[in-house]
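Q: Here it is, the structure, as structure tokens.
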Amino acid sequence: MNTQQTACPKLYIGIDIHKRSWKVHCATDLFAGKSFSMSPDPKQLHSYVSKHFKKYEVTVAYEAGCCGYHAHRCFEGYGWRSLVVNTADIHRKGKEKHTKTDKIDAQLIARELKDNRLQSIIVPDRKREELRSLFRRRNDLVKDFRRVKSYIKMQLLYFGIREPEEFDNDHWSHKYRNWLDDIIFEYPTAKATLESRMRFFRFVDQELRDVSTQLRRYCKVNYKKDYLLLRSIPGIGGIVACGILCELGDLRRFNNIKHLAGYVGLAPSMYQSGNSQRTMGMTPRANRLLRSYFVEASWQAIRADPVMQAYYRKHQGKNVKSIIVKVARKLLSRTLAVIKTEVPYTIGVIVDEPVKVNHVRRMKVSIAN
């Protein structure tokens, strides 16, 4: 009796990607396969698979990292199923937690892929990816801006130069900058140090302004609808709106607030064993940059929105940091609702009813936490 193959054989490829080389492990649905090293070139891997695994259904996965999504897009262009996975999603058994090599990492990815236990992260399209690079460049400039200001303050403190009381704040006015330029030291070397730092400060200040302007302009033109919807929410300004569009993409892809809060990192960690159950604080798995933006935006929201302020005051007596995280989650919930309903947010009002209970009335948007 003649036997015929009724199912397409499957090939699973796990790759540990680095700048100078790749460690690859190939496994089929029947055999464990083998590991080998190769140059970091998707075309070379495609040639190898075409030569040794003709007519195989190929699935490939690698860890998200500094090498980006170029390889992923190449693999999909070959007709393969490609996954870019979070390192924390790769399960390790026993001693595998204490032994790490590139070969073991590739084998683990292939094993998890074969067992269908891996889920890909969301890979942005090129347009969104390149926009995100501009937003992250702005964040780098913010760090440089804070750093150089600290260096200048440090130099004044080190040499015993006291600032006038009117300048003793975080705002660096033009008058304060001119005062820094006019400082005289006993020797010219300290003056040269300060002048160098002031030149760098002015360069970073101008770069930060230019990049911020470009970012807002691009989002306002290319994502005008969502940008204006986000701007209608108290606490969310132009830069925060750009950050949401860059880092989260289209919010409509999130099924609910629990899904979105888990992605941003505004969901609590839970520990439960038997009758013991406790909350461990915010989950460490998060988009840390965007989470910090939402927390900062929450401080502005409680000043501009009476309902948010009432929510904040309702929890007074607890840890302030815990309260503002609650406000941030509520702000995140409103952000998702505004985008999904496509209705601009309207600031709520609090009305005292005869029964002396404050009721929150929404004019356009009703959002449940």
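If you're wondering about the labels, chains in the structure tokens are A, B, ... by order shown, residues count from 1 in each chain, ligands from 1 in order shown.
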Write out as a PyMOL selection string the set of residues from stretch 111-294 of chain A that DSSP, computed on the backbone, places in strand (DSSP E).
A: chain A and resi 268-273+276-282
Q: May I have the residues from that selection written out with N, CA, C and O atoms, as an mmCIF file, in the first residue's frame?
A:
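This went into part.cif:
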```
data_model
loop_
_atom_site.group_PDB
_atom_site.id
_atom_site.type_symbol
_atom_site.label_atom_id
_atom_site.label_comp_id
_atom_site.auth_asym_id
_atom_site.auth_seq_id
_atom_site.Cartn_x
_atom_site.Cartn_y
_atom_site.Cartn_z
ATOM 1 N N PRO A 268 -1.978 46.308 39.189
ATOM 2 C CA PRO A 268 -1.304 45.844 40.410
ATOM 3 C C PRO A 268 -0.790 44.419 40.287
ATOM 4 O O PRO A 268 -1.357 43.593 39.568
ATOM 5 N N SER A 269 0.302 44.142 40.984
ATOM 6 C CA SER A 269 0.785 42.762 41.114
ATOM 7 C C SER A 269 0.055 42.114 42.294
ATOM 8 O O SER A 269 -0.108 42.746 43.339
ATOM 9 N N MET A 270 -0.387 40.885 42.111
ATOM 10 C CA MET A 270 -1.152 40.190 43.150
ATOM 11 C C MET A 270 -0.395 38.952 43.628
ATOM 12 O O MET A 270 0.306 38.295 42.853
ATOM 13 N N TYR A 271 -0.539 38.665 44.925
ATOM 14 C CA TYR A 271 0.012 37.429 45.497
ATOM 15 C C TYR A 271 -1.083 36.785 46.329
ATOM 16 O O TYR A 271 -1.628 37.403 47.245
ATOM 17 N N GLN A 272 -1.413 35.527 45.995
ATOM 18 C CA GLN A 272 -2.455 34.819 46.725
ATOM 19 C C GLN A 272 -2.011 33.387 46.969
ATOM 20 O O GLN A 272 -1.555 32.692 46.069
ATOM 21 N N SER A 273 -2.102 32.971 48.217
ATOM 22 C CA SER A 273 -1.777 31.597 48.592
ATOM 23 C C SER A 273 -2.678 31.190 49.745
ATOM 24 O O SER A 273 -2.622 31.773 50.828
ATOM 25 N N SER A 276 -4.356 33.688 52.238
ATOM 26 C CA SER A 276 -3.555 34.912 52.228
ATOM 27 C C SER A 276 -3.589 35.548 50.841
ATOM 28 O O SER A 276 -3.343 34.876 49.836
ATOM 29 N N GLN A 277 -3.895 36.812 50.802
ATOM 30 C CA GLN A 277 -3.921 37.539 49.537
ATOM 31 C C GLN A 277 -3.497 38.976 49.792
ATOM 32 O O GLN A 277 -3.976 39.618 50.724
ATOM 33 N N ARG A 278 -2.586 39.476 48.971
ATOM 34 C CA ARG A 278 -2.155 40.864 49.130
ATOM 35 C C ARG A 278 -1.738 41.448 47.787
ATOM 36 O O ARG A 278 -1.370 40.724 46.862
ATOM 37 N N THR A 279 -1.813 42.764 47.724
ATOM 38 C CA THR A 279 -1.404 43.493 46.534
ATOM 39 C C THR A 279 0.050 43.910 46.677
ATOM 40 O O THR A 279 0.447 44.454 47.705
ATOM 41 N N MET A 280 0.832 43.668 45.636
ATOM 42 C CA MET A 280 2.274 43.883 45.693
ATOM 43 C C MET A 280 2.713 45.209 45.087
ATOM 44 O O MET A 280 3.887 45.473 44.946
ATOM 45 N N GLY A 281 1.769 46.066 44.710
ATOM 46 C CA GLY A 281 2.137 47.319 44.055
ATOM 47 C C GLY A 281 2.082 47.182 42.550
ATOM 48 O O GLY A 281 1.610 46.179 42.002
ATOM 49 N N MET A 282 2.582 48.183 41.845
ATOM 50 C CA MET A 282 2.531 48.167 40.386
ATOM 51 C C MET A 282 3.401 47.044 39.826
ATOM 52 O O MET A 282 4.460 46.737 40.348
#
```
Q: For A:Gln44, which residue among A:Val24, A:Ile104, A:Leu248, A:Leu30 is the nearest when counting only C-alpha atoms?
A: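 Between A:Val24, A:Ile104, A:Leu248, A:Leu30, the residue approaching A:Gln44 most closely is A:Val24.
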Q: Identify, with DSSP run on backbone atoms, the residues in stretch 19-173 of chain A assigned to helix (DSSP H, G or I), and express the list as a ChimeraX atom specification.
A: /A:42-52,70-77,87-89,94-97,102-114,126-158,165-167
Q: Please list as a ChimeraX atom specification every residue within 12 Å of A:Glu96, counting only C-alpha atoms and excluding residues in the same chain fewer than 5 positions away.
A: /A:90-91,101,103-105,107-108
Q: Counting only C-alpha atoms, which residue out of A:Thr87, A:Ala110, A:Val148, A:Arg209 sits closest to A:Arg285?
A: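 Once distances to A:Arg285 are computed over only C-alpha atoms, the minimum belongs to A:Thr87.
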Q: Which residue is closest to A:Arg128? Choose from A:Asn222, A:Ser50, A:Thr346, A:Thr335 and count only C-alpha atoms.
A: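 So, comparing all the options, the nearest one is A:Asn222.
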Q: Excluding same-chain residues fewer than 6 positions from A:Lys34, what lies within 8 Å of it counting only C-alpha atoms, as a PyMOL selection string?
A: chain A and resi 25-27
Q: Any chance you could export the current selection's all heavy atoms as a short mmCIF file (atom, residue, chain, number, x, y, z; two decimals), in the first residue's frame?
A:
```cif
data_model
loop_
_atom_site.label_atom_id
_atom_site.label_comp_id
_atom_site.auth_asym_id
_atom_site.auth_seq_id
_atom_site.Cartn_x
_atom_site.Cartn_y
_atom_site.Cartn_z
N HIS A 25 18.87 27.73 16.12
CA HIS A 25 18.52 26.32 16.40
C HIS A 25 17.30 25.97 15.55
O HIS A 25 16.26 26.63 15.64
CB HIS A 25 18.20 26.10 17.87
CG HIS A 25 17.90 24.66 18.18
ND1 HIS A 25 18.89 23.72 18.38
CD2 HIS A 25 16.72 24.00 18.31
CE1 HIS A 25 18.35 22.54 18.63
NE2 HIS A 25 17.02 22.69 18.59
N CYS A 26 17.45 24.94 14.72
CA CYS A 26 16.36 24.48 13.86
C CYS A 26 15.82 23.14 14.39
O CYS A 26 16.59 22.20 14.63
CB CYS A 26 16.86 24.29 12.43
SG CYS A 26 17.40 25.81 11.63
N ALA A 27 14.52 23.08 14.56
CA ALA A 27 13.87 21.85 15.02
C ALA A 27 12.63 21.61 14.16
O ALA A 27 11.94 22.55 13.78
CB ALA A 27 13.49 21.96 16.49
#
```
Q: Can you tell me, as a list in words, what residues are no more than 10 Å from A:Lys127 when counting only C-alpha atoms, ignoring any on the same chain fewer than 4 positions away?
A: Leu131, Arg132 and Cys246 of chain A
Q: What does the file look like for those residues with N, CA, C and O atoms, as a PDB file, in the first residue's frame?
A:
```pdb
ATOM      1  N   LEU A 131       8.385  57.271  13.848  1.00  0.00           N
ATOM      2  CA  LEU A 131       7.854  58.354  14.684  1.00  0.00           C
ATOM      3  C   LEU A 131       8.243  58.132  16.142  1.00  0.00           C
ATOM      4  O   LEU A 131       8.603  59.078  16.860  1.00  0.00           O
ATOM      5  N   ARG A 132       8.202  56.900  16.593  1.00  0.00           N
ATOM      6  CA  ARG A 132       8.570  56.578  17.969  1.00  0.00           C
ATOM      7  C   ARG A 132      10.039  56.910  18.242  1.00  0.00           C
ATOM      8  O   ARG A 132      10.401  57.312  19.349  1.00  0.00           O
ATOM      9  N   CYS A 246       2.734  57.561  19.803  1.00  0.00           N
ATOM     10  CA  CYS A 246       3.986  56.921  19.396  1.00  0.00           C
ATOM     11  C   CYS A 246       4.171  55.558  20.051  1.00  0.00           C
ATOM     12  O   CYS A 246       4.543  54.583  19.379  1.00  0.00           O
TER      13      CYS A 246
END
```
